[in-house]
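Next comes target-v2.cif, with mmCIF, C-alpha atoms and all ligand atoms.
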data_input
#
loop_
_atom_site.label_atom_id
_atom_site.label_comp_id
_atom_site.auth_asym_id
_atom_site.auth_seq_id
_atom_site.Cartn_x
_atom_site.Cartn_y
_atom_site.Cartn_z
CA MET A 18 8.39 -49.73 51.90
CA ARG A 19 6.64 -46.39 51.73
CA LYS A 20 3.25 -48.03 51.53
CA SER A 21 3.92 -50.21 54.53
CA LEU A 22 5.04 -47.13 56.50
CA LEU A 23 1.80 -45.41 55.63
CA ILE A 24 -0.13 -48.45 56.69
CA ALA A 25 1.86 -48.64 59.89
CA GLY A 26 1.25 -44.91 60.45
CA ALA A 27 -2.44 -45.29 59.79
CA SER A 28 -2.79 -48.22 62.12
CA ALA A 29 -0.77 -46.40 64.80
CA ALA A 30 -3.11 -43.42 64.43
CA GLY A 31 -6.04 -45.78 64.62
CA LEU A 32 -4.60 -47.34 67.74
CA LEU A 33 -4.00 -43.89 69.24
CA LEU A 34 -7.57 -42.90 68.41
CA ALA A 35 -8.81 -46.09 69.97
CA ILE A 36 -6.80 -45.44 73.14
CA THR A 37 -7.73 -41.78 73.47
CA GLY A 38 -11.28 -42.58 72.45
CA ALA A 39 -11.49 -45.22 75.12
CA ALA A 40 -9.87 -42.92 77.66
CA ALA A 41 -12.19 -40.06 76.73
CA VAL A 42 -15.35 -42.02 77.50
CA PRO A 43 -15.04 -42.17 81.30
CA VAL A 44 -13.60 -38.64 81.46
CA SER A 45 -16.45 -37.08 79.50
CA SER A 46 -19.14 -39.14 81.24
CA HIS A 47 -17.60 -38.11 84.56
CA ASN A 48 -17.83 -34.47 83.54
CA LYS A 49 -21.40 -34.96 82.46
CA SER A 50 -22.52 -36.59 85.69
CA GLY A 51 -20.54 -34.24 87.93
CA HIS A 52 -19.65 -35.64 91.32
CA ASP A 53 -21.56 -36.85 94.33
CA TYR A 54 -21.41 -36.31 98.06
CA VAL A 55 -23.20 -39.20 99.72
CA ALA A 56 -24.49 -39.52 103.29
CA ASP A 57 -25.38 -42.89 104.74
CA LEU A 58 -28.22 -41.95 107.08
CA GLN A 59 -28.06 -43.76 110.40
CA PRO A 60 -30.82 -43.81 113.03
CA LEU A 61 -30.85 -41.36 115.93
CA ASN A 62 -33.03 -41.77 119.02
CA ALA A 63 -34.35 -45.12 117.75
CA GLY A 64 -36.01 -47.58 120.09
CA GLU A 65 -37.92 -47.47 123.35
CA HIS A 66 -37.46 -44.64 125.82
CA THR A 67 -39.00 -44.95 129.24
CA VAL A 68 -39.51 -41.67 131.07
CA GLY A 69 -41.35 -42.04 134.37
CA SER A 70 -44.34 -44.28 133.68
CA ASP A 71 -44.43 -43.48 129.98
CA THR A 72 -42.75 -45.34 127.15
CA TYR A 73 -41.98 -43.67 123.86
CA THR A 74 -41.01 -45.69 120.80
CA ILE A 75 -39.00 -43.91 118.15
CA PRO A 76 -38.82 -45.64 114.77
CA THR A 77 -35.51 -46.82 113.35
CA ALA A 78 -34.93 -44.61 110.33
CA SER A 79 -32.39 -45.24 107.61
CA GLY A 80 -31.62 -44.05 104.12
CA SER A 81 -29.26 -42.12 101.96
CA ALA A 82 -28.75 -38.56 100.83
CA VAL A 83 -26.87 -37.65 97.68
CA VAL A 84 -25.80 -34.14 96.75
CA ASN A 85 -24.77 -34.08 93.10
CA LEU A 86 -22.76 -31.16 91.74
CA LYS A 87 -22.60 -30.74 87.98
CA GLY A 88 -21.14 -27.39 87.05
CA ASN A 89 -23.40 -24.90 88.82
CA ASP A 90 -26.26 -27.38 89.21
CA LEU A 91 -26.73 -28.83 92.66
CA THR A 92 -29.26 -31.64 93.09
CA VAL A 93 -30.19 -33.21 96.40
CA THR A 94 -31.75 -36.68 96.32
CA ILE A 95 -32.88 -38.33 99.54
CA SER A 96 -34.41 -41.71 100.15
CA VAL A 97 -35.59 -42.54 103.67
CA ALA A 98 -37.31 -45.58 105.16
CA GLY A 99 -38.44 -46.56 108.63
CA VAL A 100 -39.74 -43.16 109.75
CA THR A 101 -43.18 -42.49 111.24
CA PRO A 102 -45.73 -42.96 108.43
CA LEU A 103 -47.77 -40.07 107.07
CA THR A 104 -45.70 -37.54 109.00
CA LEU A 105 -43.83 -34.37 108.11
CA HIS A 106 -40.06 -34.79 108.08
CA PRO A 107 -38.05 -31.58 108.24
CA GLN A 108 -34.59 -32.23 106.78
CA HIS A 109 -31.49 -30.10 106.42
CA ILE A 110 -27.87 -29.95 105.52
CA HIS A 111 -26.29 -28.97 108.83
CA ALA A 112 -23.00 -27.08 109.08
CA GLY A 113 -21.29 -29.16 111.79
CA THR A 114 -18.73 -31.89 111.53
CA MET A 115 -20.26 -34.88 113.39
CA CYS A 116 -23.46 -36.75 114.05
CA PRO A 117 -24.52 -36.76 117.71
CA VAL A 118 -24.28 -39.91 119.83
CA ALA A 119 -26.27 -41.07 122.87
CA SER A 120 -23.84 -39.35 125.27
CA ASP A 121 -24.84 -35.99 123.80
CA ASP A 122 -28.08 -36.34 125.82
CA VAL A 123 -26.86 -33.82 128.40
CA ASN A 124 -30.09 -33.68 130.42
CA ASN A 125 -30.23 -37.49 130.60
CA ASP A 126 -33.85 -37.83 129.53
CA GLY A 127 -32.98 -40.57 127.05
CA PHE A 128 -33.36 -38.38 123.96
CA VAL A 129 -30.78 -36.45 121.99
CA ASP A 130 -33.05 -33.56 121.11
CA VAL A 131 -32.53 -31.00 118.37
CA ILE A 132 -30.77 -28.60 120.73
CA GLU A 133 -28.50 -31.24 122.24
CA GLY A 134 -27.44 -32.26 118.73
CA LEU A 135 -26.35 -28.75 117.74
CA PRO A 136 -22.79 -28.94 119.14
CA LYS A 137 -22.17 -31.92 116.83
CA TYR A 138 -24.16 -31.38 113.64
CA GLY A 139 -24.13 -27.60 113.87
CA ALA A 140 -26.73 -25.09 112.76
CA VAL A 141 -28.96 -25.54 109.74
CA LEU A 142 -27.01 -24.61 106.62
CA ILE A 143 -29.52 -25.47 103.90
CA SER A 144 -33.14 -26.40 104.43
CA LEU A 145 -34.07 -29.33 102.19
CA ASP A 146 -37.65 -28.25 101.62
CA SER A 147 -39.53 -27.67 98.39
CA ASP A 148 -37.32 -24.68 97.48
CA VAL A 149 -33.68 -25.36 98.33
CA GLY A 150 -32.58 -21.98 96.95
CA SER A 151 -34.89 -20.02 99.28
CA PHE A 152 -33.78 -19.28 102.81
CA ALA A 153 -37.24 -18.11 103.89
CA PRO A 154 -38.65 -20.17 106.78
CA SER A 155 -40.80 -22.99 105.44
CA LEU A 156 -42.35 -26.22 106.63
CA ASP A 157 -42.85 -27.53 103.11
CA PHE A 158 -40.91 -30.72 103.84
CA PRO A 159 -41.54 -34.29 102.67
CA VAL A 160 -44.36 -36.30 104.22
CA SER A 161 -43.73 -40.03 104.54
CA ASP A 162 -46.06 -42.53 102.95
CA ALA A 163 -48.13 -45.15 104.76
CA SER A 164 -45.12 -47.48 104.94
CA GLY A 165 -42.88 -44.83 106.53
CA SER A 166 -40.81 -44.07 103.46
CA TYR A 167 -40.26 -41.05 101.28
CA ALA A 168 -38.18 -39.94 98.36
CA TYR A 169 -37.07 -36.37 97.76
CA SER A 170 -35.27 -34.62 94.96
CA GLN A 171 -34.75 -30.90 94.48
CA ALA A 172 -32.28 -28.80 92.54
CA ALA A 173 -30.68 -25.44 93.19
CA SER A 174 -27.94 -23.20 91.84
CA LYS A 175 -24.63 -23.69 93.63
CA SER A 176 -23.55 -20.08 93.04
CA HIS A 177 -26.87 -18.80 94.40
CA LEU A 178 -26.51 -20.91 97.56
CA GLN A 179 -22.92 -19.74 98.09
CA LYS A 180 -23.98 -16.13 97.60
CA GLU A 181 -26.77 -16.52 100.18
CA LEU A 182 -24.42 -18.30 102.60
CA LYS A 183 -21.59 -15.83 101.92
CA GLY A 184 -19.12 -18.70 101.63
CA ALA A 185 -18.26 -22.01 100.04
CA LEU A 186 -20.60 -24.95 100.54
CA LYS A 187 -17.77 -27.24 101.76
CA LEU A 188 -20.10 -30.19 101.31
CA GLY A 189 -17.45 -32.69 102.42
CA ASP A 190 -17.63 -31.16 105.92
CA ARG A 191 -21.42 -31.24 106.22
CA HIS A 192 -24.13 -33.51 107.56
CA VAL A 193 -27.68 -34.34 106.56
CA VAL A 194 -30.19 -34.60 109.40
CA ILE A 195 -33.75 -35.95 109.19
CA HIS A 196 -36.24 -34.88 111.87
CA GLY A 197 -39.79 -35.70 112.85
CA ILE A 198 -41.80 -38.32 114.71
CA ASP A 199 -45.43 -39.08 115.40
CA PRO A 200 -47.25 -35.87 116.43
CA ALA A 201 -49.85 -38.01 118.25
CA ASN A 202 -47.28 -39.23 120.80
CA PRO A 203 -46.12 -36.06 122.59
CA LEU A 204 -42.58 -36.17 123.92
CA PRO A 205 -41.66 -35.42 127.54
CA ALA A 206 -41.31 -31.74 128.40
CA SER A 207 -37.57 -32.30 128.87
CA VAL A 208 -37.19 -32.75 125.11
CA GLN A 209 -36.23 -29.32 123.86
CA SER A 210 -37.21 -27.89 120.51
CA LEU A 211 -36.64 -24.87 118.34
CA PRO A 212 -38.64 -21.69 118.97
CA GLY A 213 -42.19 -22.02 117.64
CA LEU A 214 -41.85 -25.68 116.67
CA PRO A 215 -43.19 -28.70 118.56
CA ALA A 216 -40.63 -31.28 119.69
CA TRP A 217 -42.13 -34.00 117.46
CA ALA A 218 -41.21 -31.96 114.38
CA THR A 219 -37.61 -31.31 115.38
CA LEU A 220 -36.48 -34.52 117.12
CA PRO A 221 -33.60 -35.83 114.98
CA VAL A 222 -34.26 -39.38 113.73
CA ALA A 223 -31.39 -39.88 111.29
CA CYS A 224 -28.03 -38.31 110.50
CA GLY A 225 -25.25 -38.93 108.04
CA GLU A 226 -21.96 -37.34 107.03
CA LEU A 227 -21.63 -36.21 103.43
CA VAL A 228 -18.62 -37.94 101.89
CA ARG A 229 -17.33 -37.17 98.42
CA GLN A 230 -17.48 -40.23 96.21
CU CU B 301 -31.98 -30.29 110.70
#
Just give me the structure as structure tokens.
Amino acid sequence: MRKSLLIAGASAAGLLLAITGAAAVPVSSHNKSGHDYVADLQPLNAGEHTVGSDTYTIPTASGSAVVNLKGNDLTVTISVAGVTPLTLHPQHIHAGTMCPVASDDVNNDGFVDVIEGLPKYGAVLISLDSDVGSFAPSLDFPVSDASGSYAYSQAASKSHLQKELKGALKLGDRHVVIHGIDPANPLPASVQSLPGLPAWATLPVACGELVRQ
């Protein structure tokens, strides 16, 4: 009787271990991998735009942006296709709550330029250049390959970013915006840009809302 109780106890403990062991696997692996905010990047300004006698063709960009948070480690990974080949692509996390739509083209020139997009995607929060933790102006952004694709991955300290921004990141409220078209095809003068930057470098070509997974 006593022996069988011990056996029963041992097997119950074994069962408990098996259950908690099984339960612990996804929990610990979740902790190890942190959590992701993912943006499905959709094209902006894609297609043909006819202004006067000129036609401008903006490529149809797509891709994804993932911001992974693991403890204090923040890693941004971006994969983009369909952009102008061999061209600089400024990219940012913007502070606003929406991606612009065609009706945000307030001057009716057929383009939603970087300024017209601001009421929707907001100001630049974090510049996704070669040093995410630095807020110094930089144009060290990805350059697409000959097929119009690029991949980007950079890490930063979450606490450092929040200190610089003087507030929480609130990634679930943010958007990722990709900019940049062919510098050899100048845009109409009606396409506004940021001070000191040509319109080809700032025209938004893709945008996506960061959503916690
Ligand atoms: Cu931007």
Please write out the residues within 10 Å of ligand CU 301 (chain B) as a ChimeraX atom specification, counting only C-alpha atoms and all ligand atoms.
/A:106-112,131,134-135,138-145,192-197,219-224
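Minimum atom-to-atom distance to Ala82 (chain A), evaluated using all atoms listed in the file, belongs to A:Ser170 out of A:Ser155, A:Ser170, A:Thr67, A:Thr104.
Here CA of Val68 (chain A) and CA of Gly113 (chain A) stand 29.3 Å from one another.
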Close residues, Asp53 (chain A) itself excluded, 8 Å, all atoms listed in the file, min 2 positions apart in chain, as a ChimeraX atom specification
/A:51,55,83-86,229-230
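The environment of Val97 (chain A) within 6 Å, counting all atoms listed in the file and disregarding residues fewer than 3 places along the same chain, consists of A:Ser79, A:Gly80, A:Ser166, A:Tyr167.
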Dump as an mmCIF file, in the coordinates of the input, selection limited to C-alpha atoms:
data_model
loop_
_atom_site.group_PDB
_atom_site.id
_atom_site.type_symbol
_atom_site.label_atom_id
_atom_site.label_comp_id
_atom_site.auth_asym_id
_atom_site.auth_seq_id
_atom_site.Cartn_x
_atom_site.Cartn_y
_atom_site.Cartn_z
ATOM 1 C CA SER A 79 -32.390 -45.240 107.610
ATOM 2 C CA GLY A 80 -31.620 -44.050 104.120
ATOM 3 C CA SER A 166 -40.810 -44.070 103.460
ATOM 4 C CA TYR A 167 -40.260 -41.050 101.280
#
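Residues in contact with Gly150 (chain A) at up to 12 Å, not including ones fewer than 6 positions away on its chain and judged by only C-alpha atoms, are Asp90, Leu91, Thr92, Val93, Leu142, Ile143, Ser144, Gln171, Ala172, Ala173, Ser174, Lys175, Ser176, His177, Leu178, Gln179, Lys180, Glu181 and Leu182 of chain A.
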Starting from the point (-46.8, -40.8, 121.9), work out which residues of protein, DNA or RNA have an atom no more than 10 Å away when counting all atoms listed in the file; state them as a PyMOL selection string.
chain A and resi 71-75+198-205+217
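When only C-alpha atoms are used to compute distances to Gly165 (chain A), the closest of the residues A:Gln59, A:Thr101, A:Ala78, A:Gly69 turns out to be A:Thr101.
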